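Chemist: I am sharing query38.tsv, which consists of TSV, C-alpha atoms:
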chain	number	residue	atom	x	y	z
E	1	MET	CA	70.37	74.69	139.68
E	2	LYS	CA	67.74	76.11	137.38
E	3	ASP	CA	66.93	74.24	134.20
E	4	VAL	CA	65.00	77.20	132.86
E	5	PRO	CA	66.37	80.25	131.03
E	6	PHE	CA	67.62	83.08	133.24
E	7	THR	CA	69.19	86.51	132.91
E	8	LEU	CA	71.74	88.42	134.92
E	9	GLU	CA	73.01	91.98	134.68
E	10	LEU	CA	76.53	93.31	134.20
E	11	ASN	CA	76.37	96.91	135.31
E	12	ALA	CA	79.10	99.54	135.13
E	13	PRO	CA	81.35	100.50	136.80
E	14	ASP	CA	82.28	97.06	138.24
E	15	PHE	CA	80.35	94.65	136.00
E	16	ILE	CA	79.90	92.23	138.92
E	17	PRO	CA	77.05	89.91	137.84
E	18	SER	CA	73.73	90.67	139.57
E	19	GLN	CA	73.67	86.98	140.52
E	20	TYR	CA	76.45	84.43	140.77
E	21	ASP	CA	77.22	81.16	142.58
E	22	LYS	CA	80.97	81.38	143.22
E	23	HIS	CA	83.19	84.32	144.19
E	24	ILE	CA	86.88	83.40	144.06
E	25	ARG	CA	89.41	85.85	145.57
E	26	ARG	CA	93.12	85.31	144.86
E	27	THR	CA	95.60	87.18	147.01
E	28	LEU	CA	99.36	87.52	146.68
E	29	SER	CA	99.99	84.43	148.85
E	30	ALA	CA	98.13	82.23	146.33
E	31	MET	CA	100.66	83.23	143.65
E	32	LYS	CA	103.79	81.87	145.36
E	33	GLY	CA	106.46	81.10	142.78
E	34	GLN	CA	104.52	82.75	139.94
E	35	TYR	CA	106.33	86.11	139.86
E	36	SER	CA	109.83	86.31	138.47
E	37	ASP	CA	111.12	88.85	141.02
E	38	GLN	CA	110.88	86.74	144.16
E	39	GLU	CA	112.49	89.37	146.36
E	40	SER	CA	109.83	91.95	145.49
E	41	TYR	CA	107.19	89.27	146.00
E	42	ALA	CA	108.44	88.47	149.52
E	43	CYS	CA	108.74	92.16	150.36
E	44	LEU	CA	105.17	92.96	149.20
E	45	LEU	CA	103.73	89.91	150.95
E	46	ALA	CA	105.43	90.91	154.22
E	47	LYS	CA	103.53	94.21	154.08
E	48	GLU	CA	100.11	92.88	153.00
E	49	ASP	CA	98.52	89.84	151.38
E	50	SER	CA	96.92	92.06	148.69
E	51	LEU	CA	93.96	91.05	146.59
E	52	LEU	CA	95.20	90.47	143.01
E	53	TYR	CA	92.10	89.23	141.23
E	54	GLU	CA	88.53	88.02	141.65
E	55	VAL	CA	86.28	85.73	139.65
E	56	TYR	CA	82.46	85.65	139.80
E	57	GLU	CA	81.11	82.49	138.24
E	58	VAL	CA	77.62	81.19	137.48
E	59	THR	CA	77.47	77.45	138.18
E	60	ARG	CA	76.05	75.02	135.64
E	61	PRO	CA	76.36	71.24	135.29
E	62	GLU	CA	79.90	70.36	134.16
E	63	LEU	CA	78.72	68.87	130.88
E	64	ALA	CA	79.96	69.41	127.31
E	65	GLY	CA	76.80	71.14	126.04
E	66	GLU	CA	76.55	73.57	128.96
E	67	LEU	CA	78.40	76.90	129.09
E	68	LEU	CA	80.09	78.38	132.15
E	69	GLN	CA	80.12	82.16	132.33
E	70	GLY	CA	81.31	84.85	134.65
E	71	ILE	CA	83.34	87.98	135.29
E	72	SER	CA	87.07	88.17	135.96
E	73	ILE	CA	88.48	91.29	137.65
E	74	VAL	CA	92.26	91.72	137.76
E	75	HIS	CA	93.23	94.66	139.98
E	76	PRO	CA	96.03	97.06	138.96
E	77	GLY	CA	99.49	96.68	140.45
E	78	GLN	CA	102.94	95.16	140.01
E	79	VAL	CA	105.25	92.69	141.72
E	80	GLY	CA	108.61	94.23	140.86
E	81	ASP	CA	108.12	95.23	137.21
E	82	GLU	CA	105.68	92.35	136.48
E	83	TYR	CA	102.00	93.26	136.29
E	84	PHE	CA	99.25	91.75	138.43
E	85	MET	CA	97.83	88.71	136.61
E	86	THR	CA	95.75	85.57	137.05
E	87	LYS	CA	97.32	82.16	137.80
E	88	GLY	CA	96.49	81.01	134.29
E	89	HIS	CA	95.59	77.49	133.29
E	90	PHE	CA	95.05	74.92	130.60
E	91	HIS	CA	91.59	73.37	130.38
E	92	THR	CA	91.62	69.83	131.78
E	93	VAL	CA	89.71	68.79	128.64
E	94	LEU	CA	92.40	70.33	126.44
E	95	ASP	CA	90.26	70.52	123.30
E	96	THR	CA	87.94	73.23	124.67
E	97	ALA	CA	87.93	76.91	123.72
E	98	GLU	CA	87.05	80.09	125.65
E	99	VAL	CA	85.64	83.47	124.64
E	100	TYR	CA	86.52	86.68	126.53
E	101	ILE	CA	84.67	89.96	126.09
E	102	CYS	CA	86.53	92.85	127.68
E	103	GLN	CA	84.25	95.20	129.63
E	104	LYS	CA	86.74	97.62	131.15
E	105	GLY	CA	90.43	98.41	131.50
E	106	GLN	CA	93.60	97.66	129.57
E	107	GLY	CA	95.57	94.46	129.52
E	108	VAL	CA	96.70	91.43	127.59
E	109	MET	CA	96.04	87.70	127.50
E	110	VAL	CA	99.21	85.60	127.58
E	111	MET	CA	98.67	82.20	125.96
E	112	GLU	CA	100.60	79.09	125.01
E	113	THR	CA	100.15	75.52	123.82
E	114	PRO	CA	101.62	72.38	125.38
E	115	GLU	CA	104.05	72.34	122.45
E	116	GLY	CA	105.45	75.76	123.37
E	117	ASP	CA	103.73	78.00	120.81
E	118	TRP	CA	102.88	81.34	122.41
E	119	ALA	CA	100.70	84.38	121.75
E	120	VAL	CA	99.88	87.65	123.49
E	121	GLU	CA	96.67	89.47	122.51
E	122	PRO	CA	95.38	92.85	123.73
E	123	LEU	CA	92.31	93.33	125.93
E	124	TYR	CA	90.37	96.62	125.95
E	125	PRO	CA	86.69	97.58	126.09
E	126	GLY	CA	84.75	96.27	123.07
E	127	CYS	CA	87.43	93.67	122.34
E	128	VAL	CA	86.46	89.99	121.98
E	129	LEU	CA	89.20	87.38	122.31
E	130	TYR	CA	88.97	83.81	121.05
E	131	VAL	CA	91.18	81.34	122.91
E	132	PRO	CA	91.14	78.25	120.68
E	133	PRO	CA	91.20	74.72	122.12
E	134	ARG	CA	94.62	73.69	123.52
E	135	TRP	CA	95.78	77.22	124.51
E	136	ALA	CA	96.56	77.95	128.19
E	137	HIS	CA	95.61	81.53	129.10
E	138	ARG	CA	96.43	84.18	131.73
E	139	SER	CA	94.96	87.72	132.00
E	140	VAL	CA	97.43	90.51	132.78
E	141	ASN	CA	96.35	94.00	133.85
E	142	THR	CA	98.73	96.55	132.30
E	143	SER	CA	96.88	99.66	133.52
E	144	PRO	CA	98.50	101.65	136.36
E	145	ASP	CA	95.20	102.41	138.07
E	146	GLU	CA	92.15	100.66	136.56
E	147	ASP	CA	90.69	97.18	137.00
E	148	LEU	CA	90.80	94.81	134.00
E	149	VAL	CA	87.30	93.35	133.72
E	150	THR	CA	86.41	90.55	131.28
E	151	PHE	CA	83.30	88.45	130.76
E	152	PHE	CA	84.14	84.84	129.88
E	153	VAL	CA	82.28	81.85	128.41
E	154	TYR	CA	83.66	78.31	128.17
E	155	PRO	CA	82.26	74.78	127.79
E	156	GLY	CA	80.85	73.24	130.97
E	157	ASN	CA	83.14	70.19	130.83
E	158	ALA	CA	86.41	72.15	130.32
E	159	GLY	CA	87.85	72.08	133.85
E	160	HIS	CA	91.00	73.89	135.03
E	161	ASP	CA	94.50	72.42	134.97
E	162	TYR	CA	96.83	74.71	136.94
E	163	GLY	CA	99.61	72.16	137.44
E	164	ALA	CA	101.67	72.63	134.29
E	165	ILE	CA	101.67	76.44	134.65
E	166	GLU	CA	102.40	76.45	138.38
E	167	GLU	CA	105.54	74.41	137.75
E	168	GLN	CA	107.42	76.78	135.45
E	169	GLY	CA	105.02	79.57	134.55
E	170	PHE	CA	104.21	80.80	131.06
E	171	ARG	CA	106.90	81.08	128.39
E	172	LYS	CA	106.50	84.87	128.26
E	173	LEU	CA	106.24	87.46	131.02
E	174	VAL	CA	104.66	90.91	130.72
E	175	VAL	CA	106.64	93.58	132.53
E	176	GLU	CA	106.86	97.36	132.58
E	177	ARG	CA	109.90	98.75	130.74
E	178	ASN	CA	110.25	102.54	130.29
E	179	GLY	CA	106.62	102.91	131.31
E	180	GLN	CA	105.38	100.48	128.63
E	181	PRO	CA	104.09	96.88	128.83
E	182	THR	CA	106.82	94.71	127.33
E	183	ILE	CA	106.91	90.97	126.56
E	184	ILE	CA	110.04	89.20	127.75
E	185	ASP	CA	111.19	85.58	128.03
E	186	ASN	CA	110.53	83.78	131.29
E	187	PRO	CA	113.93	82.61	132.51
E	188	ARG	CA	112.28	79.74	134.45
E	189	TRP	CA	110.61	78.33	131.35
E	190	SER	CA	112.11	75.42	129.42
E	191	ALA	CA	110.86	73.83	126.20
E	192	PRO	CA	108.62	70.77	126.53
E	193	GLU	CA	110.28	67.44	125.90
E	194	VAL	CA	109.35	66.24	122.46
E	195	GLU	CA	108.79	62.52	122.04
E	196	LYS	CA	111.12	61.05	119.44
I	1	MET	CA	90.81	78.87	109.70
I	2	LYS	CA	93.25	80.16	112.26
I	3	ASP	CA	94.32	77.80	115.02
I	4	VAL	CA	95.91	80.64	116.94
I	5	PRO	CA	94.20	83.09	119.31
I	6	PHE	CA	92.61	86.13	117.70
I	7	THR	CA	90.67	89.22	118.68
I	8	LEU	CA	87.87	91.18	117.06
I	9	GLU	CA	86.19	94.44	117.98
I	10	LEU	CA	82.55	95.22	118.68
I	11	ASN	CA	82.26	98.97	118.29
I	12	ALA	CA	79.25	101.16	118.96
I	13	PRO	CA	76.89	102.17	117.47
I	14	ASP	CA	76.36	99.01	115.37
I	15	PHE	CA	78.58	96.43	117.14
I	16	ILE	CA	79.29	94.72	113.79
I	17	PRO	CA	82.40	92.57	114.42
I	18	SER	CA	85.59	94.04	112.92
I	19	GLN	CA	86.07	90.65	111.26
I	20	TYR	CA	83.61	87.88	110.48
I	21	ASP	CA	83.20	84.97	108.05
I	22	LYS	CA	79.46	84.87	107.42
I	23	HIS	CA	76.88	87.65	107.02
I	24	ILE	CA	73.33	86.30	106.94
I	25	ARG	CA	70.51	88.68	105.90
I	26	ARG	CA	66.91	87.59	106.45
I	27	THR	CA	64.19	89.53	104.67
I	28	LEU	CA	60.42	89.35	105.02
I	29	SER	CA	60.13	86.69	102.27
I	30	ALA	CA	62.27	84.28	104.34
I	31	MET	CA	59.66	84.44	107.14
I	32	LYS	CA	56.72	83.08	105.15
I	33	GLY	CA	54.16	81.51	107.49
I	34	GLN	CA	55.94	82.79	110.62
I	35	TYR	CA	53.75	85.81	111.33
I	36	SER	CA	50.27	85.33	112.68
I	37	ASP	CA	48.66	88.16	110.69
I	38	GLN	CA	49.10	86.73	107.19
I	39	GLU	CA	47.15	89.53	105.52
I	40	SER	CA	49.51	92.19	106.93
I	41	TYR	CA	52.45	89.99	105.93
I	42	ALA	CA	51.28	89.76	102.31
I	43	CYS	CA	50.52	93.48	102.22
I	44	LEU	CA	53.97	94.45	103.54
I	45	LEU	CA	55.75	92.01	101.24
I	46	ALA	CA	53.91	93.42	98.21
I	47	LYS	CA	55.42	96.81	99.03
I	48	GLU	CA	58.97	95.72	99.86
I	49	ASP	CA	60.93	92.63	100.88
I	50	SER	CA	62.27	94.45	103.97
I	51	LEU	CA	65.38	93.41	105.87
I	52	LEU	CA	64.26	91.98	109.25
I	53	TYR	CA	67.50	90.80	110.80
I	54	GLU	CA	71.17	90.12	110.18
I	55	VAL	CA	73.71	87.77	111.73
I	56	TYR	CA	77.49	88.18	111.60
I	57	GLU	CA	79.24	84.95	112.53
I	58	VAL	CA	82.86	83.95	113.05
I	59	THR	CA	83.44	80.47	111.61
I	60	ARG	CA	85.18	77.76	113.65
I	61	PRO	CA	85.30	73.98	113.23
I	62	GLU	CA	81.91	72.49	114.13
I	63	LEU	CA	83.30	70.52	117.08
I	64	ALA	CA	82.05	70.20	120.65
I	65	GLY	CA	85.01	72.00	122.28
I	66	GLU	CA	84.92	74.97	119.90
I	67	LEU	CA	82.69	78.02	120.41
I	68	LEU	CA	80.80	79.88	117.70
I	69	GLN	CA	80.33	83.59	118.26
I	70	GLY	CA	78.80	86.54	116.50
I	71	ILE	CA	76.42	89.45	116.48
I	72	SER	CA	72.68	89.32	115.81
I	73	ILE	CA	70.90	92.52	114.75
I	74	VAL	CA	67.08	92.53	114.67
I	75	HIS	CA	65.75	95.71	113.07
I	76	PRO	CA	62.70	97.50	114.51
I	77	GLY	CA	59.29	97.02	112.92
I	78	GLN	CA	56.05	95.05	113.02
I	79	VAL	CA	54.02	92.71	110.84
I	80	GLY	CA	50.50	93.64	111.93
I	81	ASP	CA	50.92	93.94	115.70
I	82	GLU	CA	53.69	91.29	115.90
I	83	TYR	CA	57.24	92.58	116.29
I	84	PHE	CA	60.13	91.85	113.93
I	85	MET	CA	61.91	88.70	115.14
I	86	THR	CA	64.35	85.98	114.11
I	87	LYS	CA	63.19	82.64	112.70
I	88	GLY	CA	64.18	80.91	115.92
I	89	HIS	CA	65.52	77.39	116.20
I	90	PHE	CA	66.39	74.42	118.34
I	91	HIS	CA	70.01	73.29	118.28
I	92	THR	CA	70.37	70.10	116.23
I	93	VAL	CA	72.43	68.71	119.12
I	94	LEU	CA	69.61	69.44	121.54
I	95	ASP	CA	71.74	69.27	124.70
I	96	THR	CA	73.71	72.44	123.91
I	97	ALA	CA	73.29	75.85	125.56
I	98	GLU	CA	73.76	79.42	124.31
I	99	VAL	CA	74.78	82.68	125.99
I	100	TYR	CA	73.51	86.07	124.76
I	101	ILE	CA	74.96	89.40	125.87
I	102	CYS	CA	72.76	92.31	124.86
I	103	GLN	CA	74.73	95.24	123.43
I	104	LYS	CA	71.95	97.60	122.39
I	105	GLY	CA	68.18	98.01	122.15
I	106	GLN	CA	65.14	96.53	123.85
I	107	GLY	CA	63.58	93.16	123.25
I	108	VAL	CA	62.83	89.71	124.54
I	109	MET	CA	63.94	86.14	123.89
I	110	VAL	CA	61.03	83.74	123.36
I	111	MET	CA	61.97	80.18	124.29
I	112	GLU	CA	60.44	76.72	124.57
I	113	THR	CA	61.34	73.07	125.05
I	114	PRO	CA	60.22	70.15	122.86
I	115	GLU	CA	57.83	69.23	125.73
I	116	GLY	CA	56.03	72.59	125.47
I	117	ASP	CA	57.50	74.48	128.45
I	118	TRP	CA	57.93	78.13	127.53
I	119	ALA	CA	59.76	81.22	128.80
I	120	VAL	CA	60.15	84.84	127.77
I	121	GLU	CA	63.15	86.79	129.12
I	122	PRO	CA	64.00	90.48	128.62
I	123	LEU	CA	66.98	91.75	126.59
I	124	TYR	CA	68.51	95.19	127.24
I	125	PRO	CA	72.06	96.57	127.33
I	126	GLY	CA	74.16	94.92	130.07
I	127	CYS	CA	71.83	91.93	130.25
I	128	VAL	CA	73.23	88.41	129.88
I	129	LEU	CA	70.80	85.61	129.01
I	130	TYR	CA	71.47	81.91	129.55
I	131	VAL	CA	69.56	79.62	127.20
I	132	PRO	CA	69.97	76.16	128.77
I	133	PRO	CA	70.33	73.02	126.66
I	134	ARG	CA	67.02	71.89	125.04
I	135	TRP	CA	65.46	75.38	124.75
I	136	ALA	CA	64.55	76.73	121.29
I	137	HIS	CA	65.06	80.50	121.10
I	138	ARG	CA	63.90	83.49	119.05
I	139	SER	CA	64.93	87.16	119.49
I	140	VAL	CA	62.15	89.75	119.26
I	141	ASN	CA	62.80	93.50	118.91
I	142	THR	CA	60.15	95.38	120.89
I	143	SER	CA	61.60	98.86	120.34
I	144	PRO	CA	59.73	101.17	117.94
I	145	ASP	CA	62.89	102.64	116.44
I	146	GLU	CA	66.13	101.00	117.61
I	147	ASP	CA	68.01	97.86	116.52
I	148	LEU	CA	68.21	94.96	119.00
I	149	VAL	CA	71.87	93.89	119.03
I	150	THR	CA	73.10	90.79	120.88
I	151	PHE	CA	76.45	89.01	121.00
I	152	PHE	CA	76.05	85.22	121.15
I	153	VAL	CA	78.26	82.25	122.02
I	154	TYR	CA	77.31	78.59	121.54
I	155	PRO	CA	79.11	75.25	121.21
I	156	GLY	CA	80.67	74.53	117.81
I	157	ASN	CA	78.75	71.27	117.33
I	158	ALA	CA	75.28	72.71	118.18
I	159	GLY	CA	73.83	73.17	114.68
I	160	HIS	CA	70.47	74.78	113.84
I	161	ASP	CA	67.18	72.93	113.57
I	162	TYR	CA	64.56	75.26	112.06
I	163	GLY	CA	62.11	72.55	111.05
I	164	ALA	CA	60.04	72.16	114.19
I	165	ILE	CA	59.57	75.92	114.59
I	166	GLU	CA	58.80	76.58	110.92
I	167	GLU	CA	55.94	74.10	111.10
I	168	GLN	CA	53.82	75.73	113.80
I	169	GLY	CA	55.88	78.57	115.26
I	170	PHE	CA	56.58	79.14	118.94
I	171	ARG	CA	53.91	78.58	121.58
I	172	LYS	CA	53.86	82.28	122.46
I	173	LEU	CA	53.78	85.40	120.27
I	174	VAL	CA	54.94	88.86	121.27
I	175	VAL	CA	52.64	91.59	119.99
I	176	GLU	CA	51.97	95.26	120.68
I	177	ARG	CA	48.81	95.88	122.75
I	178	ASN	CA	48.02	99.44	123.91
I	179	GLY	CA	51.58	100.43	123.03
I	180	GLN	CA	53.12	97.69	125.19
I	181	PRO	CA	54.83	94.37	124.30
I	182	THR	CA	52.40	91.64	125.31
I	183	ILE	CA	52.74	87.85	125.34
I	184	ILE	CA	49.83	85.99	123.78
I	185	ASP	CA	49.12	82.40	122.77
I	186	ASN	CA	49.95	81.37	119.22
I	187	PRO	CA	46.68	80.05	117.76
I	188	ARG	CA	48.65	77.85	115.30
I	189	TRP	CA	50.50	76.04	118.09
I	190	SER	CA	49.38	72.66	119.39
I	191	ALA	CA	50.84	70.62	122.25
I	192	PRO	CA	53.41	67.95	121.34
I	193	GLU	CA	52.16	64.39	121.27
I	194	VAL	CA	53.26	62.64	124.43
I	195	GLU	CA	54.29	59.03	124.08
I	196	LYS	CA	52.24	56.76	126.30
Just dump the structure as structure tokens.
Modeler:
Amino acid sequence: MKDVPFTLELNAPDFIPSQYDKHIRRTLSAMKGQYSDQESYACLLAKEDSLLYEVYEVTRPELAGELLQGISIVHPGQVGDEYFMTKGHFHTVLDTAEVYICQKGQGVMVMETPEGDWAVEPLYPGCVLYVPPRWAHRSVNTSPDEDLVTFFVYPGNAGHDYGAIEEQGFRKLVVERNGQPTIIDNPRWSAPEVEK
Amino acid sequence: MKDVPFTLELNAPDFIPSQYDKHIRRTLSAMKGQYSDQESYACLLAKEDSLLYEVYEVTRPELAGELLQGISIVHPGQVGDEYFMTKGHFHTVLDTAEVYICQKGQGVMVMETPEGDWAVEPLYPGCVLYVPPRWAHRSVNTSPDEDLVTFFVYPGNAGHDYGAIEEQGFRKLVVERNGQPTIIDNPRWSAPEVEK
């Protein structure tokens, strides 16, 4: 761990950082239960445990004043009519934000709060997305043939909480309908219990 | 202040955000005492109070989990043989980092700690710079004719402390020597007093 300033390069066409500490690869088998069309999921998985997305991360101390940065690459593809996407997560320290700068491709970020508010924002080259504190987030690649590549920055103490999302998914799904990305309700999702 | 996700665009050639809350313009008169060659400074200022750099910032609550983001544009030029540069600052909350992603141009970031350690890192398109907690930072445009444009992200609670730098400047200056950017000692700088 260097405590001195350092630079890295993000070079086209892949934008893989010239140096990184972690390379996470998520294949179809890691997304069990996440796709709505479970028959298509089983069928695809029987053929091949395809690579869905990759994350290159630069490690820093997990402290509030530090920033974690890296590149996320979601490959193109579909499970049934649902696009390839990341698992998605809340930050463990819920009151922490994240900034995404899209480098390449076409997609959307699906987001929601613990209270059930939701939002879907576009991702395309030159686009910067602000995910405010408290919003869970998942990248979805809506291109038929191009990687979705984003550079991300978030506070060092944020952490990842996959549990809530793994249980019932996000409130909204992004699927292809008549050749277009379309937002639909997730039938598995149910509203959070509100304390009375 | 929106508490929902939002996007903005950074479009070539200027990369000015499609939406922002603050536009800071620093002219030559705001840099009094910062340039080593005070005669050249006075001479230039007598002709015109030129625009040296601009910052476009998106406002968010000044809290630890939030992230502040924006675009910094340092215009090309020199005061004597010293390149146009930003004032430079420590973060008021010293233990906070900053990430810079260079969008355009050629330059360097001059950095130092309160203890007197120093570093100079290059900035060019595709380059990402990590400024760790505790490092003061100043952008310097070393191009003869092009803007230096960087996108920055830092924690919402960081704040700016210009005082220490305004007093004696950074330890190192970046000047043109035989047509090349060259790092030299700042004659005004003296080592911090170490407690015994």
Chemist: Could you tell me how far CA of Leu44 in chain I sits from CA of Gly88 in chain I, in Å to one decimal place?
Modeler: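 A separation of 21.0 Å between them.
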Chemist: Please, which residues in chain I fall within 6 Å of chain E when counting only C-alpha atoms, and what is the closest atom pair and distance in Å to one decimal for each, ordered by chain then residue number, as a tab-separated table?
Modeler:
residue	atom	partner	partner_atom	distance
I:Pro5	CA	E:Val131	CA	5.0
I:Phe6	CA	E:Tyr130	CA	5.5
I:Thr7	CA	E:Leu129	CA	4.3
I:Leu8	CA	E:Val128	CA	5.3
I:Glu9	CA	E:Cys127	CA	4.6
I:Leu10	CA	E:Gly126	CA	5.0
I:Gly65	CA	E:Thr96	CA	4.0
I:Glu66	CA	E:Ala97	CA	5.2
I:Asp95	CA	E:Gly65	CA	5.6
I:Thr96	CA	E:Gly65	CA	4.0
I:Ala97	CA	E:Glu66	CA	5.2
I:Gly126	CA	E:Leu10	CA	5.0
I:Cys127	CA	E:Glu9	CA	4.6
I:Val128	CA	E:Leu8	CA	5.3
I:Leu129	CA	E:Thr7	CA	4.3
I:Tyr130	CA	E:Phe6	CA	5.5
I:Val131	CA	E:Pro5	CA	5.0
I:Pro132	CA	E:Pro5	CA	5.9
Chemist: Between E:Gly116, E:Pro192, E:Gly169, E:Gly105, which residue has the minimum interatomic distance to Asp147 in chain E, considering only C-alpha atoms?
Modeler: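 Smallest separation from Asp147 in chain E among the options: E:Gly105.
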Chemist: Which residues come within 10 Å of Asp185 in chain E, counting only C-alpha atoms, excluding same-chain residues fewer than 3 positions away, as a count of residues only?
Modeler: 7
Chemist: As AutoDock Vina command-line options, please report the centre and edge lengths, rounded to one decimal in Å, of the axis-aligned box that holds all listed atoms of range 50-63 of chain E with 6 Å of padding on each of the six sides.
Modeler:
--center_x 86.5 --center_y 80.5 --center_z 139.8 --size_x 32.9 --size_y 35.2 --size_z 29.8
Chemist: If you count only C-alpha atoms, which residues fall within 9 Å of Glu176 in chain E, apart from same-chain ones fewer than 6 positions away, as a ChimeraX atom specification?
Modeler: /E:78,81-83,142,182-183
Chemist: Between I:Ala164, I:Val108, I:Ile24, I:Val175, which one has atoms that come closest to Ser190 in chain I, using all atoms listed in the file?
Modeler: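 The closest residue to Ser190 in chain I is I:Ala164.
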Chemist: Please, what distance in Å, to one decimal, runs between CA of Gly107 in chain I and CA of Tyr162 in chain I?
Modeler: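 Interatomic distance here is 21.1 Å.
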Chemist: Just the residues within 9 Å of range 48-57 of chain I, please, counting all atoms listed in the file, with nothing from its chain fewer than 2 positions along; format it as a VMD selection string.
Modeler: chain I and resid 16 to 17 19 to 29 44 to 46 59 68 to 77 84 to 86
